[in-house]
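First up is the structure itself, then whatever we jot down about it.
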Amino acid sequence: MLVASASMREYFRETLTAAMRRRAVRLSENAQVYLVNLCAELSRAENLFAGTEHGERPALVEQLARAQEAEPHEALRIYKHMGDSSLYLTGFFRESVEDAGGVEYYMSMGGGAYANVAGLMRPTAATSSALFAELSDRFRELVELLIAMSLHGDQTRGLDDVRVLSLVERFERTGD
């Protein structure tokens, strides 16, 4: 499984680099590493809803309410998950996001969640705080990069989201 994870990271690194080049976008190295790891991690469907009850898929507004009532450490985790899942779903599964509240809603919630993460970071974690501020400030641009990554190569043209996800899951299981 380690090989599959490394291969997934390589794949996402290559597609991110290509998307950045095509769109003439520059990101900090920290943001690039974060996006690659995010894509590799959330490409496993079970990780997309990690930290929730089995089968539970709380709406972003429910997650926001939980974060606002939580202790800072837990709020940080919830906001980060909100930003990550909003970014990933909006970039790779736009149609499902449109059906579940709309792209603008997801972008607003995700960008705001990352801004909250930046604000909750300890002052000694300036690098992390700067990373999440960048993710918040450039959320729309990052979504566009993920969209460009999802369309990378002729192999994915004409495939629906369910088929692409099944191919990713098969690759993780078999390495093929």
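By order of appearance in the structure tokens: chains A, B, ..., then residues from 1 within every chain, and ligands from 1 in the order shown.
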Please identify all polymer residues within 8 Å of Ile78 in chain A, counting only C-alpha atoms, omitting same-chain residues fewer than 2 positions from it, and present them as a PDB file with N, CA, C and O atoms, in the first residue's frame.
```pdb
ATOM      1  N   GLN A  63     -21.208  21.374  10.320  1.00  0.00           N
ATOM      2  CA  GLN A  63     -19.810  21.349  10.738  1.00  0.00           C
ATOM      3  C   GLN A  63     -19.400  22.710  11.286  1.00  0.00           C
ATOM      4  O   GLN A  63     -18.676  22.794  12.286  1.00  0.00           O
ATOM      5  N   LEU A  64     -19.858  23.772  10.645  1.00  0.00           N
ATOM      6  CA  LEU A  64     -19.552  25.125  11.103  1.00  0.00           C
ATOM      7  C   LEU A  64     -20.100  25.342  12.514  1.00  0.00           C
ATOM      8  O   LEU A  64     -19.394  25.863  13.380  1.00  0.00           O
ATOM      9  N   ARG A  66     -20.691  23.071  14.773  1.00  0.00           N
ATOM     10  CA  ARG A  66     -19.873  22.259  15.688  1.00  0.00           C
ATOM     11  C   ARG A  66     -18.551  22.962  16.002  1.00  0.00           C
ATOM     12  O   ARG A  66     -18.108  22.992  17.152  1.00  0.00           O
ATOM     13  N   ALA A  67     -17.936  23.505  14.954  1.00  0.00           N
ATOM     14  CA  ALA A  67     -16.639  24.178  15.136  1.00  0.00           C
ATOM     15  C   ALA A  67     -16.786  25.410  16.026  1.00  0.00           C
ATOM     16  O   ALA A  67     -15.939  25.673  16.882  1.00  0.00           O
ATOM     17  N   GLU A  74     -10.245  21.314  18.863  1.00  0.00           N
ATOM     18  CA  GLU A  74     -11.248  20.590  18.079  1.00  0.00           C
ATOM     19  C   GLU A  74     -11.790  21.465  16.962  1.00  0.00           C
ATOM     20  O   GLU A  74     -12.023  20.994  15.845  1.00  0.00           O
ATOM     21  N   ALA A  75     -11.981  22.741  17.225  1.00  0.00           N
ATOM     22  CA  ALA A  75     -12.449  23.666  16.192  1.00  0.00           C
ATOM     23  C   ALA A  75     -11.450  23.712  15.035  1.00  0.00           C
ATOM     24  O   ALA A  75     -11.847  23.702  13.861  1.00  0.00           O
ATOM     25  N   LEU A  76     -10.179  23.739  15.361  1.00  0.00           N
ATOM     26  CA  LEU A  76      -9.129  23.743  14.342  1.00  0.00           C
ATOM     27  C   LEU A  76      -9.263  22.523  13.438  1.00  0.00           C
ATOM     28  O   LEU A  76      -9.211  22.635  12.209  1.00  0.00           O
ATOM     29  N   LYS A  80     -10.349  22.718   9.493  1.00  0.00           N
ATOM     30  CA  LYS A  80      -9.410  22.171   8.498  1.00  0.00           C
ATOM     31  C   LYS A  80     -10.122  21.145   7.622  1.00  0.00           C
ATOM     32  O   LYS A  80      -9.988  21.158   6.400  1.00  0.00           O
ATOM     33  N   HIS A  81     -10.891  20.264   8.248  1.00  0.00           N
ATOM     34  CA  HIS A  81     -11.630  19.262   7.482  1.00  0.00           C
ATOM     35  C   HIS A  81     -12.635  19.927   6.536  1.00  0.00           C
ATOM     36  O   HIS A  81     -12.790  19.509   5.387  1.00  0.00           O
ATOM     37  N   MET A  82     -13.296  20.965   7.010  1.00  0.00           N
ATOM     38  CA  MET A  82     -14.243  21.690   6.160  1.00  0.00           C
ATOM     39  C   MET A  82     -13.546  22.284   4.937  1.00  0.00           C
ATOM     40  O   MET A  82     -14.040  22.168   3.810  1.00  0.00           O
TER      41      MET A  82
END
```
message = With only C-alpha atoms as the counted atoms, please give the residues lying no more than 12 Å from range 107-115 of chain A, apart from itself and same-chain residues fewer than 5 positions off, as a ChimeraX atom specification.
response = /A:59-65,67-68,75-91,94,97-98,101-102,120-121,128-144
task = Record the distance separating CA of Val33 in chain A and CA of Arg9 in chain A, expressed in Å with one decimal.
result = 9.4 Å
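Going from CA of Asn30 in chain A to CA of Pro58 in chain A covers 29.0 Å.
CA of Leu35 in chain A sits 13.6 Å away from CA of Ala18 in chain A.
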query = Using only C-alpha atoms, which residue out of A:Ser43, A:Val103, A:Leu145, A:Thr127 lies closest to Arg21 in chain A?
reply =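 The answer is A:Leu145, which sits nearest to Arg21 in chain A.
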inquiry  = Taking only range 47-150 of chain A into account, list the residues labelled alpha helix (DSSP H) by DSSP (computed from the backbone), as number ranges by chain.
reply    = A: 47-48, 60-69, 72-92, 94-99, 103-120, 126-137, 139-150
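Distances here use only C-alpha atoms; by that measure, the residue among A:Asn37, A:Asn116, A:Gln32, A:Ser96 closest to His73 in chain A is A:Asn116.
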